[in-house]
Amino acid sequence: MKASLPVRPAIRQRQAYKPPAEGRLHKTRLDFNENTAGCSPAVLRALAKLSSKQLAMYPEYGSSTRTLARHFGVRPAELMIANGGDDALRVFFDVFVEHGSSIVLCDPTFPMYRFFAEIAGAEIRVCRYDGAMKFPFEQVLRALRTKPRALFIANPNNPTGTVLQPAEIEELLKAATHTAVVIDEAYGEFSGVTVTQLIRKYPQLFVVRTFSKAAGLAGLRLGIVMSCKDSLENLRRAMPPFPVNVAALAAACAAIRDRSSLRSYVVEVKRLRAWFDAQLKLFGVTTYPSAGNFLLANFGSGGPRLFARLEAQGILLRDRTKEIGPGFVRISIGTQREMVRLRNAIERLR
C-alpha cells in the first residue's frame, strides 16, 4: 500500500532536534547544565509518599499552584504550570505566532526558540551578540519597531552567561507595545536577577522558569510561566487539561520547601564557577563572564580535538563550534570532584 502523508512544509524542511546521547548516566555530564549533584533528599521522600491511588488519578493542580506561587511571589492566577520549560516555551508559538509572522531572538542562545519558530513557519529575525558576548541592545530596540509577535530573551543567556538587569529589560518592554516579551529565567537562581515583579505593570511580559536546573528535576519535567492574569488566560486556552504529572508536582513542591539545600547548591556552583574560570585563564583559555551554572570558553582551533578526547574519557562538554566558532564550548559547573577531574584532564590532554 502506498500513502502520501500531508506533512507541512515547515516540518519537511527541518531536521529533528537531537537530544543528549544515550548512556550518559555514569559519565561526567558537563554538557547540558544539569544539576549533577542530584535533587534534594526531600524530593525523594515526597516521591516515596505518593500512593497508588494518586498515581491512578488525573492530577489536581490547585494546592501545588498555590505553593509554587508563594515561592515565586505571585498570585496563583498569575502562574501556569507546563511539562518542562520547553513546553512552557511552545505555548507562545501556539498562541501568538502564525505562519509568516515574525519573532526576534538573540544569537547565540537557547536553540529551542528557533526550533519552535521553524515548526510554526515563522520569520526569524536575529540580533547577534558581539565578539565580547555583549547583548545586542540597540539591535533589539530596532527590531521591536517592526512589531514582531514575540521576543525571546534568556536571562541569563545560554550559552553566553550574559545577564540583563531589570531596568534594561524594562526599557525593552516600553518599546514592545505590540510584542509578547518572553524572559526565560531558567538560570535565575544562579543570577539572582528576576523581572517577575514587573508582570502586573507590563501585560506583554511573560517570565518562564524551570525546575530542571537548580532544583535538579530535569528527569521529571516541570516548567512555569508567570504573567498578569489576563495575559496568562490567553496561554491557558492553548494548554491541555493535564499537562504535568503528579510526581513532578510533588517533587517541585518538596524542592522549594527545602530552601537550605537549594541555597547551598547555588552557593557551591558559584564558588566552583569562579574557581574553574580562574583555572582556565591559567591555561590561557578565553572565558566570558557568566551568571548561570556554566561557563562559555574559547579553546581556539585545537578545541574540537580536545573536546573529542575528553569525550573519549567520559567527560562530556557542549561543543558550540557550529553555532559560534571553532573552539567554543559551554561547560556546565558540576561537583567539586567533577570539576577537578575536568581541570586535570585538560592539563593532561591540551
# chains A, B, ... in the order shown; residues from 1 in each chain; ligands from 1
>>> residues_around(residues="stretch 161-169 of chain A", least_positions_apart="4", cutoff="9 Å", atoms="only C-alpha atoms", output="number ranges by chain")
A: 133-135, 137, 154-157, 173-174, 183, 191, 193-195, 198, 288-296
>>> write_last_selection(atoms="C-alpha atoms", output="compact mmCIF listing (two decimals), in the first residue's frame")
# COMPACT_ATOMS: atom_id res chain seq x y z
CA MET A 133 29.33 38.39 24.01
CA LYS A 134 27.63 41.71 24.73
CA PHE A 135 23.82 41.73 24.45
CA PHE A 137 20.51 46.01 22.93
CA ALA A 154 17.21 34.00 28.01
CA ASN A 155 18.32 35.82 31.15
CA PRO A 156 20.98 34.72 31.97
CA ASN A 157 21.59 33.76 28.38
CA LEU A 173 9.26 46.40 27.48
CA LYS A 174 8.43 50.06 26.95
CA ILE A 183 12.07 36.34 29.56
CA SER A 191 21.98 35.08 38.73
CA VAL A 193 18.02 38.54 38.80
CA THR A 194 14.31 38.34 38.01
CA VAL A 195 11.66 40.57 36.44
CA LEU A 198 7.10 43.65 36.62
CA TYR A 288 33.29 35.02 29.34
CA PRO A 289 31.55 36.31 32.48
CA SER A 290 28.65 34.04 33.38
CA ALA A 291 25.65 34.40 35.68
CA GLY A 292 24.50 30.81 35.08
CA ASN A 293 25.63 27.36 36.19
CA PHE A 294 28.00 27.15 33.23
CA LEU A 295 30.89 28.90 31.53
CA LEU A 296 31.42 29.75 27.86
>>> select_by_dssp(residues="stretch 52-252 of chain A", states="alpha helix (DSSP H)", output="number ranges by chain")
A: 52-56, 62-72, 84-96, 112-120, 137-144, 166-175, 188-191, 229-236, 246-252
>>> closest_residue(among="A:Leu349, A:Ile324, A:Val340, A:Val140", to="A:Arg309", atoms="only C-alpha atoms")
A:Leu349
>>> closest_residue(among="A:Ser261, A:Gln197, A:Thr160, A:Asn234", to="A:Ala297", atoms="only C-alpha atoms")
A:Thr160
>>> select_by_dssp(residues="stretch 83-248 of chain A", states="strand (DSSP E or B)", output="PyMOL selection string")
chain A and resi 102-107+123-128+150-154+180-184+205-210+223-226
>>> residues_around(residues="A:Cys228", least_positions_apart="4", cutoff="7 Å", atoms="only C-alpha atoms", output="MDAnalysis selection string")
chainID A and resid 78 199:200 203 232
>>> write_last_selection(atoms="C-alpha atoms", output="JSON list (two decimals), in the first residue's frame")
[["chain", "number", "residue", "atom", "x", "y", "z"],
["A", 78, "GLU", "CA", -0.51, 34.66, 37.68],
["A", 199, "ILE", "CA", 4.32, 41.32, 35.40],
["A", 200, "ARG", "CA", 1.47, 43.49, 36.73],
["A", 203, "PRO", "CA", 0.88, 42.86, 30.36],
["A", 232, "LEU", "CA", -1.95, 34.32, 31.12]]
>>> atom_distance(atom1="atom CA of A:Ile315", atom2="atom CA of A:Arg343")
10.8 Å
>>> atom_distance(atom1="atom CA of A:Ala180", atom2="atom CA of A:Leu205")
6.3 Å
>>> residues_around(residues="A:Pro326", least_positions_apart="6", cutoff="7 Å", atoms="only C-alpha atoms", output="MDAnalysis selection string")
chainID A and resid 300:301 303:304
>>> residues_around(residues="A:Phe92", least_positions_apart="6", cutoff="12 Å", atoms="only C-alpha atoms", output="number ranges by chain")
A: 82, 85-86, 98, 103, 113, 116-117, 120, 149-152, 179-183, 204-208, 225, 231-232, 234-239
>>> closest_atom_pairs(of="stretch 68-99 of chain A", to="stretch 45-64 of chain A", cutoff="9 Å", atoms="only C-alpha atoms", output="JSON lines")
{"residue": "A:Leu68", "atom": "CA", "partner": "A:Ser64", "partner_atom": "CA", "distance": 6.1}
{"residue": "A:Ala69", "atom": "CA", "partner": "A:Ser64", "partner_atom": "CA", "distance": 8.5}
{"residue": "A:Pro76", "atom": "CA", "partner": "A:Gly62", "partner_atom": "CA", "distance": 8.4}
{"residue": "A:Ile81", "atom": "CA", "partner": "A:Tyr61", "partner_atom": "CA", "distance": 8.7}
>>> closest_residue(among="A:Leu220, A:Ala42, A:Ala254, A:Leu342", to="A:Leu316", atoms="only C-alpha atoms")
A:Leu342
>>> atom_distance(atom1="atom CA of A:Thr146", atom2="atom CA of A:Glu118")
19.5 Å
>>> closest_atom_pairs(of="stretch 99-154 of chain A", to="stretch 328-338 of chain A", cutoff="12 Å", atoms="only C-alpha atoms", output="JSON lines")
{"residue": "A:Pro108", "atom": "CA", "partner": "A:Phe328", "partner_atom": "CA", "distance": 11.4}
{"residue": "A:Thr109", "atom": "CA", "partner": "A:Arg330", "partner_atom": "CA", "distance": 11.6}
{"residue": "A:Phe110", "atom": "CA", "partner": "A:Arg330", "partner_atom": "CA", "distance": 11.9}
{"residue": "A:Gly131", "atom": "CA", "partner": "A:Phe328", "partner_atom": "CA", "distance": 11.9}
>>> closest_residue(among="A:Leu89, A:Ile256, A:Leu222, A:Ala251", to="A:Phe72", atoms="only C-alpha atoms")
A:Ile256
